[in-house]
Amino acid sequence: MDTMRDRFAPVVTRLLDEDPRVAVVLAEIGADGFTEAARRHPDRVVNVGIREQLLVGAAAGLALTGLRPVVHTFASFLVERPFEQVKLDLGHQDAGAVLVSAAASFDWPAGGYTHMAPGDVALLDTLDGWTVHVPGHPDEAETLLRHAVAAGDDKVYVRLSLQSNRQGQPVDGERFRTVREGRSGVVVAVGPMLDATLAATEGLDVTVLYATTVRPFDGAALRRATEAAGTDVVLVEPYLAGTSTAAANDALAEVGHRILGLGVGRRELRRYGQVEEHVAAHGLDARSLRERITGFLGAATPA
């Protein structure tokens, strides 16, 4: 199966051909995928070199001329390194762009901590008006990329990952999807965490919601789910643990509730290892998730 990132260049190349507003801004990473597109559209495929602050600044300039820039590099170089430009050049100027990341939280362990970005979504949460898509399958990534580019002049972040669920789900770029119903708690699985979450909750009497668009947070879906399943909520996110607990708290502000946020821990793992080892070390494998979920819910007896 191809990866989310394998889909990225072909999908955006087609969008370049179809829509004269679309532009692509790169910082070397991923440039090979746009060689032919750059030949056909030399004025709308820009490689700024290894200059991440310029990457975002150039995208903002293109947006201010009326173009719809798609900006791509590793998450740590796209959100963290040029954060001031994301905040000012895009946010302060109300310039829209589609930021598309790769490497996620720890997709390339051999690259070390400089190439890891478990805090990217939490960092964007400090800014106003961002839509954040976290696909869990290449098919979903393609759909959400198209949604993002078509979203007028909105500011959109699309978080691509090598981690993937076995099957894609229908996604609409807005709402959470109910994939399992129960009566003893609600578990929200974000993007690539769905398969592990379903395995972890097999036989438990819980509702499982699937989220691929996490900002805006679908508080209405969470409230509806808790009406039948109760107000004990577990969030399983592929980035920094607790990133969405505030959003879930806000959604349930009018009722008593408990929330457990599971995700990537704050402690830095200084050995390279493999992706699977990082998943296990952060307690995001199915066995660890089951222990933590059942320990929290308690009453989630087998259905």
# chains A, B, ... in the order shown; residues from 1 in each chain; ligands from 1

$ select_by_dssp --residues "stretch 105-179 of chain A" --states "strand (DSSP E or B)" --output "PyMOL selection string"
chain A and resi 130-133+155-159+177-179

$ closest_residue --among "A:Ala246, A:Val25, A:Ala229, A:Ala196" --to "A:Val70" --atoms "only C-alpha atoms"
A:Val25

$ residues_around --residues "A:Leu88" --least-positions-apart "4" --cutoff "12 Å" --atoms "only C-alpha atoms" --output "list in words"
Gln53, Val56, Gly57, Ala60, Gly61, Pro82, Phe83, Glu84, His92, Gln93, Asp94, Ala95, Gly96, Leu127 and Asp128 of chain A

$ closest_residue --among "A:Asp19, A:Gln85, A:Leu240, A:Asp43" --to "A:Leu123" --atoms "only C-alpha atoms"
A:Leu240

$ atom_distance --atom1 "atom CA of A:Arg81" --atom2 "atom CA of A:Thr114"
9.8 Å

$ atom_distance --atom1 "atom CA of A:Leu16" --atom2 "atom CA of A:Gly173"
20.8 Å

$ residues_around --residues "A:Ala23" --least-positions-apart "2" --cutoff "6 Å" --atoms "only C-alpha atoms" --output "JSON, numbers by chain"
{"A": [44, 45, 68, 69]}

$ write_last_selection --atoms "N, CA and C atoms" --output "PDB file, in the first residue's frame"
ATOM      1  N   ARG A  44       4.493  28.620 -10.515  1.00  0.00           N
ATOM      2  CA  ARG A  44       3.669  28.241  -9.362  1.00  0.00           C
ATOM      3  C   ARG A  44       4.235  27.069  -8.566  1.00  0.00           C
ATOM      4  N   VAL A  45       5.445  26.638  -8.873  1.00  0.00           N
ATOM      5  CA  VAL A  45       6.160  25.642  -8.061  1.00  0.00           C
ATOM      6  C   VAL A  45       7.479  26.278  -7.655  1.00  0.00           C
ATOM      7  N   ARG A  68      -3.351  30.218  -3.892  1.00  0.00           N
ATOM      8  CA  ARG A  68      -3.628  29.274  -2.801  1.00  0.00           C
ATOM      9  C   ARG A  68      -2.391  28.398  -2.620  1.00  0.00           C
ATOM     10  N   PRO A  69      -1.441  28.806  -1.761  1.00  0.00           N
ATOM     11  CA  PRO A  69      -0.196  28.060  -1.636  1.00  0.00           C
ATOM     12  C   PRO A  69      -0.332  26.791  -0.801  1.00  0.00           C
TER      13      PRO A  69
END

$ residues_around --residues "A:Val79" --least-positions-apart "4" --cutoff "12 Å" --atoms "only C-alpha atoms" --output "CSV table (one decimal) with N, CA, C and O atoms, in the first residue's frame"
chain,number,residue,atom,x,y,z
A,52,GLU,N,13.5,27.5,6.0
A,52,GLU,CA,12.1,27.3,6.4
A,52,GLU,C,11.3,28.5,6.8
A,52,GLU,O,10.1,28.6,6.5
A,53,GLN,N,12.0,29.6,7.3
A,53,GLN,CA,11.3,30.8,7.6
A,53,GLN,C,10.9,31.5,6.3
A,53,GLN,O,9.7,32.0,6.1
A,55,LEU,N,10.3,29.8,3.6
A,55,LEU,CA,9.2,28.9,3.1
A,55,LEU,C,7.9,29.5,3.4
A,55,LEU,O,7.0,29.6,2.5
A,56,VAL,N,7.6,29.8,4.7
A,56,VAL,CA,6.3,30.3,5.1
A,56,VAL,C,6.1,31.7,4.7
A,56,VAL,O,5.0,32.1,4.2
A,71,VAL,N,2.2,24.3,1.1
A,71,VAL,CA,3.5,24.4,1.7
A,71,VAL,C,3.9,23.1,2.3
A,71,VAL,O,3.1,22.5,3.1
A,72,HIS,N,5.1,22.6,2.0
A,72,HIS,CA,5.4,21.2,2.4
A,72,HIS,C,6.8,21.1,2.9
A,72,HIS,O,7.8,21.5,2.3
A,73,THR,N,7.0,20.4,4.1
A,73,THR,CA,8.3,19.9,4.5
A,73,THR,C,8.0,19.1,5.8
A,73,THR,O,6.8,18.8,6.1
A,74,PHE,N,9.0,18.6,6.5
A,74,PHE,CA,8.8,17.9,7.7
A,74,PHE,C,8.1,18.7,8.7
A,74,PHE,O,8.3,20.0,8.8
A,75,ALA,N,7.3,18.1,9.6
A,75,ALA,CA,6.5,18.9,10.6
A,75,ALA,C,7.3,19.8,11.5
A,75,ALA,O,7.0,20.9,11.8
A,83,PHE,N,7.8,29.1,13.4
A,83,PHE,CA,6.6,29.4,14.0
A,83,PHE,C,6.3,30.9,14.0
A,83,PHE,O,5.1,31.3,13.9
A,84,GLU,N,7.3,31.8,14.1
A,84,GLU,CA,7.0,33.2,14.1
A,84,GLU,C,6.4,33.6,12.8
A,84,GLU,O,5.5,34.5,12.7
A,85,GLN,N,6.9,33.0,11.7
A,85,GLN,CA,6.3,33.4,10.4
A,85,GLN,C,4.9,32.8,10.2
A,85,GLN,O,4.0,33.5,9.6
A,86,VAL,N,4.6,31.6,10.8
A,86,VAL,CA,3.3,31.1,10.8
A,86,VAL,C,2.3,32.0,11.5
A,86,VAL,O,1.2,32.3,11.1
A,87,LYS,N,2.8,32.5,12.7
A,87,LYS,CA,2.0,33.4,13.5
A,87,LYS,C,1.8,34.8,12.9
A,87,LYS,O,0.7,35.3,12.9
A,90,LEU,N,1.3,34.5,8.2
A,90,LEU,CA,0.0,34.0,7.8
A,90,LEU,C,-1.1,34.5,8.7
A,90,LEU,O,-2.0,35.1,8.3
A,98,VAL,N,-2.1,26.2,2.9
A,98,VAL,CA,-2.3,24.8,3.3
A,98,VAL,C,-0.9,24.3,3.7
A,98,VAL,O,-0.1,24.1,2.8
A,99,LEU,N,-0.7,24.1,4.9
A,99,LEU,CA,0.6,23.5,5.4
A,99,LEU,C,0.4,22.0,5.4
A,99,LEU,O,-0.4,21.5,6.1
A,100,VAL,N,1.3,21.3,4.7
A,100,VAL,CA,1.2,19.8,4.7
A,100,VAL,C,2.5,19.3,5.2
A,100,VAL,O,3.6,19.5,4.6
A,101,SER,N,2.5,18.5,6.3
A,101,SER,CA,3.7,18.1,6.9
A,101,SER,C,4.0,16.6,6.6
A,101,SER,O,3.1,15.9,6.2
A,102,ALA,N,5.2,16.2,6.9
A,102,ALA,CA,5.6,14.8,6.8
A,102,ALA,C,6.4,14.5,8.1
A,102,ALA,O,6.8,15.4,8.8
A,104,ALA,N,5.5,13.4,11.0
A,104,ALA,CA,4.6,13.3,12.1
A,104,ALA,C,5.3,13.4,13.4
A,104,ALA,O,6.3,14.2,13.6
A,115,HIS,N,13.9,15.9,13.9
A,115,HIS,CA,12.9,15.5,12.9
A,115,HIS,C,11.6,14.9,13.5
A,115,HIS,O,10.9,14.3,12.8
A,116,MET,N,11.4,15.2,14.7
A,116,MET,CA,10.2,14.8,15.4
A,116,MET,C,9.4,16.0,15.9
A,116,MET,O,10.0,17.0,16.3
A,117,ALA,N,8.1,15.9,15.8
A,117,ALA,CA,7.2,17.0,16.1
A,117,ALA,C,5.9,16.6,16.8
A,117,ALA,O,4.8,16.9,16.3
A,118,PRO,N,6.0,16.0,18.0
A,118,PRO,CA,4.8,15.6,18.7
A,118,PRO,C,4.0,16.8,19.2
A,118,PRO,O,2.8,16.7,19.5
A,119,GLY,N,4.6,18.0,19.3
A,119,GLY,CA,3.9,19.2,19.8
A,119,GLY,C,3.3,20.1,18.7
A,119,GLY,O,2.9,21.2,19.0
A,120,ASP,N,3.3,19.6,17.4
A,120,ASP,CA,2.9,20.5,16.4
A,120,ASP,C,1.4,21.0,16.5
A,120,ASP,O,1.2,22.2,16.3
A,121,VAL,N,0.5,20.1,16.8
A,121,VAL,CA,-0.9,20.5,16.9
A,121,VAL,C,-1.1,21.4,18.1
A,121,VAL,O,-1.8,22.4,18.0
A,122,ALA,N,-0.5,21.0,19.2
A,122,ALA,CA,-0.6,21.8,20.4
A,122,ALA,C,0.0,23.2,20.1
A,122,ALA,O,-0.6,24.2,20.6
A,123,LEU,N,1.0,23.4,19.4
A,123,LEU,CA,1.6,24.7,19.1
A,123,LEU,C,0.6,25.5,18.2
A,123,LEU,O,0.4,26.7,18.5
A,124,LEU,N,0.0,24.9,17.2
A,124,LEU,CA,-1.0,25.6,16.4
A,124,LEU,C,-2.2,26.0,17.2
A,124,LEU,O,-2.9,27.0,16.9
A,125,ASP,N,-2.5,25.3,18.3
A,125,ASP,CA,-3.6,25.6,19.2
A,125,ASP,C,-3.4,27.0,19.8
A,125,ASP,O,-4.4,27.6,20.4
A,126,THR,N,-2.2,27.5,19.9
A,126,THR,CA,-2.0,28.8,20.5
A,126,THR,C,-2.4,29.9,19.5
A,126,THR,O,-2.4,31.1,19.9
A,127,LEU,N,-2.7,29.6,18.3
A,127,LEU,CA,-3.1,30.5,17.2
A,127,LEU,C,-4.6,30.4,16.9
A,127,LEU,O,-5.2,29.4,17.2
A,156,VAL,N,-5.0,26.1,6.9
A,156,VAL,CA,-5.2,24.6,7.1
A,156,VAL,C,-3.9,23.9,7.3
A,156,VAL,O,-2.9,24.2,6.5
A,157,TYR,N,-3.9,23.0,8.2
A,157,TYR,CA,-2.7,22.1,8.5
A,157,TYR,C,-3.1,20.7,8.2
A,157,TYR,O,-4.1,20.2,8.8
A,158,VAL,N,-2.4,20.0,7.3
A,158,VAL,CA,-2.7,18.6,7.0
A,158,VAL,C,-1.5,17.8,7.5
A,158,VAL,O,-0.4,18.0,7.0
A,159,ARG,N,-1.7,16.9,8.5
A,159,ARG,CA,-0.6,16.2,9.1
A,159,ARG,C,-0.5,14.8,8.6
A,159,ARG,O,-1.3,13.9,8.9

$ residues_around --residues "A:Glu28" --least-positions-apart "5" --cutoff "9 Å" --atoms "only C-alpha atoms" --output "count of residues only"
6
